[in-house]
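target-v9.tsv follows (TSV, C-alpha atoms):
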```
chain	number	residue	atom	x	y	z
A	1	MET	CA	-26.48	157.03	111.30
A	2	LEU	CA	-24.57	154.36	109.45
A	3	ASN	CA	-23.43	155.10	105.95
A	4	GLU	CA	-25.87	153.09	103.81
A	5	ARG	CA	-23.98	153.47	100.52
A	6	PRO	CA	-21.34	150.75	101.14
A	7	ILE	CA	-24.04	148.40	102.35
A	8	LEU	CA	-26.16	149.03	99.28
A	9	LEU	CA	-23.18	148.53	96.99
A	10	SER	CA	-22.27	145.28	98.73
A	11	ALA	CA	-25.83	144.04	98.46
A	12	LEU	CA	-25.94	144.97	94.79
A	13	ALA	CA	-22.65	143.20	94.14
A	14	LEU	CA	-23.91	140.08	95.92
A	15	LEU	CA	-27.13	140.15	93.92
A	16	CYS	CA	-25.25	140.49	90.65
A	17	ALA	CA	-22.89	137.68	91.59
A	18	THR	CA	-25.80	135.43	92.51
A	19	SER	CA	-27.60	136.24	89.25
A	20	ALA	CA	-24.47	135.64	87.23
A	21	SER	CA	-23.90	132.36	89.03
A	22	GLY	CA	-27.47	131.26	88.31
A	23	ALA	CA	-27.21	132.23	84.66
A	24	SER	CA	-23.90	130.42	84.38
A	25	ALA	CA	-25.41	127.29	85.92
A	26	GLU	CA	-28.32	127.43	83.51
A	27	GLN	CA	-25.96	127.79	80.56
A	28	THR	CA	-23.52	125.06	81.57
A	29	PRO	CA	-23.83	122.55	78.71
A	30	TYR	CA	-24.97	119.02	79.37
A	31	THR	CA	-22.78	116.40	77.72
A	32	LEU	CA	-23.57	112.89	76.51
A	33	ALA	CA	-20.91	110.49	75.25
A	34	VAL	CA	-22.21	108.26	72.45
A	35	ALA	CA	-20.19	105.40	70.94
A	36	THR	CA	-20.32	102.99	68.03
A	37	LEU	CA	-17.95	100.27	66.88
A	38	ALA	CA	-18.25	101.62	63.34
A	39	ARG	CA	-15.24	103.47	62.03
A	40	GLU	CA	-15.09	107.02	60.73
A	41	SER	CA	-16.39	107.71	57.22
A	42	THR	CA	-19.16	105.14	57.59
A	43	PRO	CA	-22.91	105.90	57.58
A	44	TRP	CA	-23.22	104.96	61.25
A	45	VAL	CA	-20.63	107.46	62.45
A	46	ASP	CA	-22.14	110.01	60.05
A	47	GLN	CA	-25.51	109.42	61.73
A	48	LEU	CA	-24.10	110.23	65.15
A	49	MET	CA	-22.25	113.26	63.82
A	50	ALA	CA	-25.48	114.52	62.24
A	51	LEU	CA	-27.29	114.00	65.56
A	52	GLN	CA	-24.51	115.89	67.30
A	53	ALA	CA	-24.78	118.81	64.87
A	54	ARG	CA	-28.57	118.94	65.14
A	55	VAL	CA	-28.91	118.87	68.91
A	56	GLU	CA	-26.05	121.27	69.52
A	57	ALA	CA	-27.48	123.76	67.03
A	58	GLU	CA	-31.10	123.45	68.17
A	59	SER	CA	-30.13	123.67	71.84
A	60	ASP	CA	-27.87	126.69	71.29
A	61	GLY	CA	-25.04	124.67	72.76
A	62	ARG	CA	-26.87	123.65	75.94
A	63	LEU	CA	-26.61	119.97	74.96
A	64	ARG	CA	-23.40	118.56	73.57
A	65	LEU	CA	-22.70	115.13	72.18
A	66	ARG	CA	-19.26	113.57	72.18
A	67	VAL	CA	-19.08	110.93	69.46
A	68	PHE	CA	-16.62	108.05	69.80
A	69	PRO	CA	-16.14	106.09	66.55
A	70	GLY	CA	-14.78	102.61	66.91
A	71	GLY	CA	-15.92	102.55	70.53
A	72	THR	CA	-12.79	104.37	71.62
A	73	SER	CA	-12.36	106.92	74.35
A	74	ALA	CA	-9.50	108.21	76.43
A	75	VAL	CA	-9.94	105.29	78.81
A	76	MET	CA	-10.93	102.46	76.48
A	77	GLU	CA	-8.89	100.40	74.07
A	78	PRO	CA	-10.74	99.18	70.96
A	79	THR	CA	-8.95	95.81	70.90
A	80	GLY	CA	-11.44	93.05	71.53
A	81	LEU	CA	-14.30	95.44	72.21
A	82	ARG	CA	-17.70	94.08	71.22
A	83	GLU	CA	-21.07	95.71	70.73
A	84	THR	CA	-22.34	93.84	73.75
A	85	ASP	CA	-19.71	95.69	75.79
A	86	LEU	CA	-21.08	99.02	74.58
A	87	VAL	CA	-24.62	98.06	75.55
A	88	ARG	CA	-23.55	96.86	78.99
A	89	SER	CA	-21.55	100.03	79.55
A	90	LEU	CA	-24.83	101.98	79.47
A	91	GLU	CA	-25.89	100.15	82.63
A	92	VAL	CA	-22.99	101.56	84.64
A	93	PRO	CA	-23.98	104.65	86.67
A	94	GLU	CA	-21.87	107.57	85.53
A	95	GLY	CA	-20.16	105.24	83.05
A	96	ARG	CA	-18.00	106.37	80.17
A	97	PHE	CA	-20.86	106.19	77.64
A	98	GLN	CA	-24.44	107.37	77.92
A	99	GLY	CA	-25.50	106.29	74.45
A	100	ALA	CA	-24.59	103.83	71.70
A	101	LEU	CA	-25.45	103.01	68.11
A	102	VAL	CA	-25.66	99.22	67.83
A	103	ALA	CA	-27.45	96.47	65.94
A	104	THR	CA	-30.84	95.61	67.37
A	105	SER	CA	-29.68	91.99	67.52
A	106	THR	CA	-27.05	93.12	70.03
A	107	LEU	CA	-29.69	94.77	72.20
A	108	ASP	CA	-31.64	91.53	72.06
A	109	ALA	CA	-28.58	89.44	72.88
A	110	VAL	CA	-27.85	91.48	76.01
A	111	HIS	CA	-31.35	92.25	77.24
A	112	ASP	CA	-33.61	89.60	75.63
A	113	VAL	CA	-35.97	91.85	73.65
A	114	PRO	CA	-37.99	89.45	71.44
A	115	VAL	CA	-39.95	92.23	69.72
A	116	LEU	CA	-36.71	93.30	68.04
A	117	ARG	CA	-36.47	89.87	66.38
A	118	ILE	CA	-39.60	90.38	64.31
A	119	PRO	CA	-37.88	92.26	61.43
A	120	GLU	CA	-35.26	89.50	61.31
A	121	LEU	CA	-37.75	86.68	60.75
A	122	PRO	CA	-36.79	85.04	57.44
A	123	PHE	CA	-38.41	86.51	54.34
A	124	LEU	CA	-40.84	88.57	56.40
A	125	LEU	CA	-39.71	91.78	54.72
A	126	ASP	CA	-39.01	92.34	51.04
A	127	THR	CA	-38.02	95.99	50.79
A	128	GLY	CA	-36.62	98.91	52.70
A	129	ALA	CA	-39.99	100.61	52.54
A	130	GLU	CA	-41.54	97.61	54.28
A	131	ALA	CA	-38.85	97.68	56.95
A	132	ASP	CA	-39.54	101.37	57.55
A	133	LEU	CA	-43.27	100.74	57.81
A	134	VAL	CA	-42.85	97.95	60.34
A	135	LEU	CA	-40.21	99.64	62.49
A	136	ASP	CA	-41.65	103.16	62.47
A	137	ASP	CA	-45.37	102.51	62.60
A	138	LEU	CA	-45.79	99.13	64.29
A	139	LEU	CA	-42.76	98.22	66.38
A	140	ARG	CA	-41.76	101.64	67.66
A	141	GLU	CA	-43.99	101.76	70.73
A	142	PRO	CA	-43.50	98.10	71.76
A	143	ALA	CA	-39.74	98.47	71.35
A	144	GLU	CA	-39.70	101.68	73.40
A	145	ALA	CA	-41.64	99.96	76.17
A	146	ALA	CA	-39.48	96.83	76.16
A	147	LEU	CA	-36.22	98.77	76.19
A	148	GLY	CA	-37.59	101.14	78.82
A	149	GLU	CA	-38.11	98.19	81.16
A	150	ARG	CA	-34.40	97.47	80.74
A	151	GLY	CA	-33.23	100.99	81.52
A	152	LEU	CA	-32.75	102.11	77.93
A	153	THR	CA	-34.37	104.87	75.89
A	154	LEU	CA	-34.76	104.36	72.15
A	155	GLY	CA	-33.53	107.09	69.84
A	156	ALA	CA	-33.41	106.91	66.05
A	157	TRP	CA	-33.36	103.73	64.02
A	158	SER	CA	-30.59	102.81	61.64
A	159	GLU	CA	-29.80	99.62	59.77
A	160	THR	CA	-26.94	97.30	58.93
A	161	GLY	CA	-28.56	95.88	55.82
A	162	TRP	CA	-29.89	92.64	54.40
A	163	ARG	CA	-28.28	89.29	55.08
A	164	GLY	CA	-27.11	87.21	52.17
A	165	VAL	CA	-25.06	84.03	51.85
A	166	ILE	CA	-21.34	83.91	51.02
A	167	THR	CA	-20.30	80.55	49.55
A	168	ARG	CA	-17.47	78.83	47.78
A	169	GLY	CA	-18.05	76.60	44.78
A	170	ARG	CA	-21.72	77.33	44.14
A	171	PRO	CA	-24.32	79.97	44.96
A	172	ALA	CA	-27.09	79.48	47.51
A	173	ASP	CA	-29.72	80.56	45.03
A	174	SER	CA	-32.42	77.87	45.27
A	175	PRO	CA	-33.97	75.51	47.81
A	176	THR	CA	-31.86	72.61	46.56
A	177	ALA	CA	-28.67	74.70	46.60
A	178	PHE	CA	-28.82	75.02	50.38
A	179	SER	CA	-28.76	71.27	50.88
A	180	GLY	CA	-25.48	70.09	52.38
A	181	LEU	CA	-24.04	73.56	53.00
A	182	ARG	CA	-22.34	74.16	56.33
A	183	LEU	CA	-23.06	77.82	57.04
A	184	ARG	CA	-21.60	79.89	59.82
A	185	VAL	CA	-24.28	81.68	61.80
A	186	GLU	CA	-24.38	83.87	64.87
A	187	GLN	CA	-25.53	82.56	68.21
A	188	PRO	CA	-29.28	83.31	68.43
A	189	ASP	CA	-31.64	80.38	67.89
A	190	LEU	CA	-33.47	82.38	65.23
A	191	TYR	CA	-30.44	82.34	62.93
A	192	ARG	CA	-29.73	78.66	63.47
A	193	ASP	CA	-33.37	77.76	62.92
A	194	THR	CA	-33.45	79.80	59.71
A	195	VAL	CA	-30.42	78.12	58.17
A	196	ARG	CA	-31.71	74.70	59.19
A	197	ALA	CA	-35.17	75.39	57.74
A	198	LEU	CA	-33.62	76.37	54.41
A	199	GLY	CA	-31.90	73.00	54.24
A	200	ALA	CA	-28.36	73.85	55.33
A	201	THR	CA	-26.43	72.93	58.46
A	202	PRO	CA	-25.83	75.81	60.89
A	203	VAL	CA	-22.35	76.00	62.39
A	204	GLN	CA	-21.71	78.42	65.22
A	205	ARG	CA	-18.34	80.16	64.98
A	206	SER	CA	-17.12	83.44	66.40
A	207	THR	CA	-16.49	86.33	64.05
A	208	ARG	CA	-12.75	85.82	64.45
A	209	ASP	CA	-12.84	82.05	63.88
A	210	ALA	CA	-15.17	82.08	60.88
A	211	LEU	CA	-12.56	83.21	58.35
A	212	PRO	CA	-9.88	80.56	59.04
A	213	HIS	CA	-12.52	77.83	59.18
A	214	PHE	CA	-13.92	79.04	55.85
A	215	LYS	CA	-10.45	79.10	54.29
A	216	LEU	CA	-9.66	75.60	55.54
A	217	GLY	CA	-12.91	74.19	54.17
A	218	HIS	CA	-14.50	73.51	57.54
A	219	LEU	CA	-17.29	75.85	56.46
A	220	ASP	CA	-18.99	76.10	53.08
A	221	GLY	CA	-20.20	79.63	53.65
A	222	VAL	CA	-21.18	82.45	55.94
A	223	VAL	CA	-24.45	84.33	56.41
A	224	ALA	CA	-23.75	88.08	56.41
A	225	THR	CA	-24.63	91.49	55.04
A	226	PRO	CA	-22.47	92.83	52.18
A	227	PHE	CA	-20.77	95.24	54.58
A	228	PHE	CA	-19.71	92.52	57.01
A	229	ALA	CA	-18.77	90.20	54.16
A	230	LEU	CA	-16.14	92.74	53.18
A	231	ALA	CA	-15.23	94.11	56.60
A	232	ALA	CA	-14.58	90.68	58.12
A	233	GLY	CA	-12.73	89.41	55.06
A	234	TRP	CA	-15.21	86.58	54.60
A	235	ILE	CA	-15.62	87.40	50.93
A	236	GLU	CA	-11.95	86.63	50.17
A	237	PRO	CA	-12.12	82.79	50.06
A	238	ALA	CA	-15.61	82.84	48.52
A	239	THR	CA	-16.72	82.50	44.93
A	240	HIS	CA	-20.32	83.73	45.27
A	241	PHE	CA	-22.39	86.19	47.22
A	242	THR	CA	-26.09	85.34	46.94
A	243	ARG	CA	-28.45	88.19	47.71
A	244	THR	CA	-31.00	86.08	49.50
A	245	ASP	CA	-31.95	89.18	51.51
A	246	HIS	CA	-33.76	86.76	53.76
A	247	SER	CA	-33.31	88.75	56.96
A	248	TYR	CA	-33.29	92.48	57.64
A	249	LEU	CA	-30.86	93.70	60.30
A	250	ALA	CA	-31.89	96.95	61.95
A	251	ALA	CA	-29.78	99.11	64.22
A	252	ALA	CA	-30.67	101.79	66.74
A	253	VAL	CA	-29.35	104.62	68.84
A	254	VAL	CA	-30.09	103.95	72.50
A	255	PHE	CA	-29.42	105.97	75.61
A	256	SER	CA	-29.17	105.23	79.30
A	257	THR	CA	-32.52	106.30	80.71
A	258	GLU	CA	-30.82	107.23	83.97
A	259	ALA	CA	-28.46	109.58	82.13
A	260	LEU	CA	-31.33	111.25	80.27
A	261	GLU	CA	-33.16	111.89	83.54
A	262	ASP	CA	-30.45	114.42	84.37
A	263	LEU	CA	-31.41	116.50	81.32
A	264	PRO	CA	-34.04	119.24	81.39
A	265	SER	CA	-37.24	118.08	79.73
A	266	ASP	CA	-36.83	120.36	76.73
A	267	LEU	CA	-33.39	118.91	75.97
A	268	ARG	CA	-34.68	115.35	76.30
A	269	ALA	CA	-37.44	116.18	73.85
A	270	LEU	CA	-35.01	117.84	71.47
A	271	LEU	CA	-32.76	114.78	71.53
A	272	LEU	CA	-35.51	112.22	71.00
A	273	ASP	CA	-38.40	113.85	69.15
A	274	GLY	CA	-36.53	114.03	65.85
A	275	TRP	CA	-36.16	110.25	65.68
A	276	ARG	CA	-38.23	109.79	62.52
A	277	ALA	CA	-36.33	112.29	60.37
A	278	ASP	CA	-33.03	111.11	61.85
A	279	SER	CA	-33.97	107.49	61.03
A	280	GLU	CA	-34.92	108.29	57.46
A	281	ALA	CA	-31.65	110.11	56.82
A	282	ALA	CA	-29.57	107.36	58.41
A	283	ARG	CA	-31.21	104.51	56.52
A	284	ALA	CA	-30.92	106.40	53.24
A	285	GLN	CA	-27.16	106.63	53.75
A	286	VAL	CA	-26.78	102.92	54.44
A	287	ARG	CA	-28.92	101.98	51.44
A	288	ALA	CA	-26.96	104.26	49.15
A	289	MET	CA	-23.84	102.34	50.15
A	290	GLU	CA	-25.14	98.90	49.17
A	291	PRO	CA	-24.59	99.16	45.38
A	292	LEU	CA	-21.03	100.32	46.05
A	293	LEU	CA	-20.43	97.33	48.31
A	294	LEU	CA	-21.74	94.94	45.68
A	295	GLU	CA	-19.45	96.56	43.11
A	296	ARG	CA	-16.50	95.99	45.45
A	297	ILE	CA	-17.48	92.35	45.82
A	298	GLU	CA	-17.64	91.95	42.04
A	299	ALA	CA	-14.32	93.76	41.67
A	300	LYS	CA	-12.81	90.95	43.74
A	301	GLN	CA	-13.92	88.54	41.00
A	302	LYS	CA	-16.81	87.19	43.06
A	303	VAL	CA	-20.18	86.44	41.47
A	304	VAL	CA	-23.15	88.34	42.90
A	305	VAL	CA	-26.34	86.33	42.44
A	306	ASP	CA	-29.98	87.37	42.90
A	307	LEU	CA	-32.78	84.98	43.72
A	308	THR	CA	-35.46	84.52	41.11
A	309	PRO	CA	-38.98	85.39	42.32
A	310	ALA	CA	-39.90	81.70	42.18
A	311	HIS	CA	-36.91	80.60	44.24
A	312	ARG	CA	-37.49	83.39	46.74
A	313	GLU	CA	-41.08	82.31	47.21
A	314	ALA	CA	-40.03	78.67	47.62
A	315	LEU	CA	-37.47	79.63	50.27
A	316	ARG	CA	-40.06	81.78	51.98
A	317	GLU	CA	-42.36	78.77	52.24
A	318	LYS	CA	-39.55	76.65	53.68
A	319	SER	CA	-38.86	79.26	56.35
A	320	LEU	CA	-42.42	79.50	57.69
A	321	PRO	CA	-41.77	76.97	60.50
A	322	VAL	CA	-39.28	79.49	61.91
A	323	HIS	CA	-42.10	82.03	62.21
A	324	GLN	CA	-44.32	79.44	63.86
A	325	ALA	CA	-41.62	78.48	66.36
A	326	PHE	CA	-41.07	82.15	67.22
A	327	LEU	CA	-44.77	82.62	67.94
A	328	GLN	CA	-44.88	79.47	70.06
A	329	ASP	CA	-42.01	80.82	72.14
A	330	HIS	CA	-43.55	84.31	72.38
A	331	PRO	CA	-47.35	84.01	72.25
A	332	ASP	CA	-47.70	87.53	73.64
A	333	LEU	CA	-46.29	88.86	70.35
A	334	GLU	CA	-48.72	86.94	68.13
A	335	PRO	CA	-51.24	89.83	67.79
A	336	LEU	CA	-48.43	92.19	66.82
A	337	TYR	CA	-47.01	89.68	64.34
A	338	HIS	CA	-50.38	89.29	62.63
A	339	GLU	CA	-50.80	93.06	62.53
A	340	VAL	CA	-47.41	93.29	60.82
A	341	GLN	CA	-48.44	90.67	58.26
A	342	ALA	CA	-51.73	92.45	57.59
A	343	ARG	CA	-50.05	95.81	57.06
A	344	LEU	CA	-47.44	94.27	54.78
A	345	SER	CA	-50.12	92.57	52.69
A	346	ALA	CA	-51.95	95.87	52.30
A	347	HIS	CA	-48.71	97.64	51.40
A	348	ARG	CA	-47.51	95.21	48.74
A	349	ASP	CA	-48.16	95.34	45.04
A	350	PRO	CA	-51.32	93.30	44.39
A	351	GLN	CA	-49.72	92.01	41.19
A	352	GLY	CA	-47.07	90.29	43.27
A	353	ALA	CA	-44.12	92.25	41.89
A	354	HIS	CA	-40.99	92.19	43.99
A	355	PRO	CA	-39.75	95.82	44.01
A	356	ARG	CA	-36.45	95.03	45.68
A	357	ARG	CA	-35.46	92.72	42.86
A	358	ALA	CA	-36.35	95.50	40.45
A	359	GLY	CA	-33.63	97.66	41.97
A	360	GLU	CA	-35.21	99.39	44.93
```
Write-out of the structure in structure tokens:
Amino acid sequence: MLNERPILLSALALLCATSASGASAEQTPYTLAVATLARESTPWVDQLMALQARVEAESDGRLRLRVFPGGTSAVMEPTGLRETDLVRSLEVPEGRFQGALVATSTLDAVHDVPVLRIPELPFLLDTGAEADLVLDDLLREPAEAALGERGLTLGAWSETGWRGVITRGRPADSPTAFSGLRLRVEQPDLYRDTVRALGATPVQRSTRDALPHFKLGHLDGVVATPFFALAAGWIEPATHFTRTDHSYLAAAVVFSTEALEDLPSDLRALLLDGWRADSEAARAQVRAMEPLLLERIEAKQKVVVDLTPAHREALREKSLPVHQAFLQDHPDLEPLYHEVQARLSAHRDPQGAHPRRAGE
């Protein structure tokens, strides 16, 4: 009779090794690389770091996020990198990034997502609370569907802020003040149409070219958020920053849908299901920064100007053809647009007060 003890021990050892191997495979962490062009110590990097901390803690380390501020990685140089490059990198199978935090206008520029233009329609939104209502309650599902068709999965929202007008010589604080101004705008038709409707002349210039053209007097101003006014140096040759707040610029965390399909369902849910709380925290950080940015602008001896309620309403009326043109180009979005308008009307103060001007 064969000695069964060595056989039993070998079988037991094999079983233990197999079990250990299975457990190890189950515990091997999944890793996602997420990038943003924002630099460290900004709200956008803080948002990704908070997401990293949350998912790694809640997953007990099964899901790890590698955050790359400034769009950098071991194999990428930041020089000349654009947000459009980050978005396109998500399309590359097994690419260097599986997620990115970018402006929604960038997503639209790369993938043509008209629903993301709705919050940017001139003077549609008056306050951060209105932006939250529209993005979270009305645009979330349509945006998820539209991005899903393009191979992207929507995570949390963020924001870049409200666009104003940087000018030299006089503020852009009334309908007549816009007349004759040559204002640098970004490429999309929506931005050009907005500037033209307000009475100014839109001039398309790259981010890099805008500053020298402004300094040389080839431009009278630039349309930008306070953050970009400072970051790009556009505020330096200016005399005024007018808080027209005519257009709200959202941002979002997006992931490669293909990359997320490799995750177990519970980790996908953990990553995505907290989008509302993550969005609220991120937007609060950006909004807390705005007064500090305006103080920095004033510290540079620039005049910060607010629109009066009457001038804001007059500019809103002048911008309505931009809304109409948008709906003519995208009739499928007309029901959603009217739903947005109805919800905003119900949300607003019936007395007509403008809470943002009161220091939201």
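Note that atom CA of A:Leu121 and atom CA of A:Thr194 are 8.2 Å apart.
Within the 6 Å cut-off around A:Thr153, using all atoms listed in the file and omitting residues fewer than 2 positions from it on the same chain, the listed residues are Gly148, Val254, Phe255 and Thr257 of chain A.
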Inset, instruction - Do a neighbour search on stretch 214-221 of chain A at 7 Å with only C-alpha atoms, toss out local chain neighbours closer than 6 positions, and write the hits as an NGL selection string. - result: :A and (165-168 or 181-184 or 237)
Taking C-alpha atoms for each residue, export the selection above as a compact mmCIF listing (two decimals), in the coordinates of the input.
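The resulting again_34.txt:
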```
# COMPACT_ATOMS: atom_id res chain seq x y z
CA VAL A 165 -25.06 84.03 51.85
CA ILE A 166 -21.34 83.91 51.02
CA THR A 167 -20.30 80.55 49.55
CA ARG A 168 -17.47 78.83 47.78
CA LEU A 181 -24.04 73.56 53.00
CA ARG A 182 -22.34 74.16 56.33
CA LEU A 183 -23.06 77.82 57.04
CA ARG A 184 -21.60 79.89 59.82
CA PRO A 237 -12.12 82.79 50.06
```
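Taking atom CA of A:Ile118 and atom CA of A:Ser89 as endpoints, the distance between them is 25.5 Å.
Taking only C-alpha atoms, the non-local environment of stretch 35-48 of chain A within 8 Å (same-chain residues fewer than 5 positions away omitted) comprises Val67, Phe68, Pro69, Gly70, Gly71, Thr72, Arg82, Glu83, Leu86, Phe97, Gly99, Ala100, Leu101, Val102, Ser158, Asp278, Ala281, Ala282, Gln285 and Val286 of chain A.
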Legend entry - Contacts of A:Leu230 within 12 Å, all atoms listed in the file, excl. fewer than 2 positions in-chain, as a PyMOL selection string: chain A and resi 166+211+222+224-228+232-238+241+290+292-300+302
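Atom CA of A:Ala197 is found 7.1 Å from atom CA of A:Val322.
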Could you build a table of the residues in stretch 119-237 of chain A lying no more than 12 Å from stretch 260-271 of chain A, giving for each the nearest pair of atoms and their separation in Å rounded to one decimal place, using all atoms listed in the file, ordered by chain and ascending residue number, as JSON lines?
```
{"residue": "A:Gly148", "atom": "CA", "partner": "A:Leu260", "partner_atom": "CA", "distance": 12.0}
{"residue": "A:Gly151", "atom": "CA", "partner": "A:Leu260", "partner_atom": "CA", "distance": 10.5}
{"residue": "A:Leu152", "atom": "CA", "partner": "A:Leu260", "partner_atom": "CA", "distance": 9.5}
{"residue": "A:Thr153", "atom": "CA", "partner": "A:Leu260", "partner_atom": "CA", "distance": 8.3}
{"residue": "A:Leu154", "atom": "CA", "partner": "A:Leu271", "partner_atom": "CA", "distance": 10.6}
{"residue": "A:Gly155", "atom": "CA", "partner": "A:Leu271", "partner_atom": "CA", "distance": 7.9}
{"residue": "A:Ala156", "atom": "CA", "partner": "A:Leu271", "partner_atom": "CA", "distance": 9.6}
```
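Comparing the minimum interatomic distances between A:Leu315 and each of A:Leu249, A:Leu107, A:Val113, A:Ala200, counting all atoms listed in the file, we find that A:Ala200 sits nearest.
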Closest atom pairs, residues of stretch 194-302 of chain A within 7 Å of stretch 169-176 of chain A, only C-alpha atoms, as a tab-separated table:
```
residue	atom	partner	partner_atom	distance
A:Leu198	CA	A:Pro175	CA	6.7
A:Thr239	CA	A:Gly169	CA	6.0
A:His240	CA	A:Pro171	CA	5.5
A:Phe241	CA	A:Pro171	CA	6.9
A:Thr242	CA	A:Ala172	CA	6.0
```
How would you write as a PDB file with C-alpha atoms, keeping the file's coordinate frame the residues that get within 8 Å of (-27.6, 99.7, 54.2) in the file's frame, counting all atoms listed in the file?
```pdb
ATOM      1  CA  GLU A 159     -29.800  99.620  59.770  1.00  0.00           C
ATOM      2  CA  THR A 160     -26.940  97.300  58.930  1.00  0.00           C
ATOM      3  CA  GLY A 161     -28.560  95.880  55.820  1.00  0.00           C
ATOM      4  CA  TRP A 162     -29.890  92.640  54.400  1.00  0.00           C
ATOM      5  CA  ARG A 283     -31.210 104.510  56.520  1.00  0.00           C
ATOM      6  CA  ALA A 284     -30.920 106.400  53.240  1.00  0.00           C
ATOM      7  CA  GLN A 285     -27.160 106.630  53.750  1.00  0.00           C
ATOM      8  CA  VAL A 286     -26.780 102.920  54.440  1.00  0.00           C
ATOM      9  CA  ARG A 287     -28.920 101.980  51.440  1.00  0.00           C
ATOM     10  CA  ALA A 288     -26.960 104.260  49.150  1.00  0.00           C
ATOM     11  CA  MET A 289     -23.840 102.340  50.150  1.00  0.00           C
ATOM     12  CA  GLU A 290     -25.140  98.900  49.170  1.00  0.00           C
TER      13      GLU A 290
END
```
Legend entry - Distance query A:Glu313 at most 10 Å, all atoms listed in the file, self and fewer than 4 positions along chain excluded, as an MDAnalysis selection string: chainID A and resid 123 174:175 307:309 317:319
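Closest approach to A:His111 among A:Arg192, A:Arg343, A:Arg88, A:Arg96: A:Arg88, based on all atoms listed in the file.
Among the candidate residues A:Leu327, A:Leu190, A:Leu133, A:Ala177, the one lying nearest to A:Ala109 is A:Leu190, with distances computed using only C-alpha atoms.
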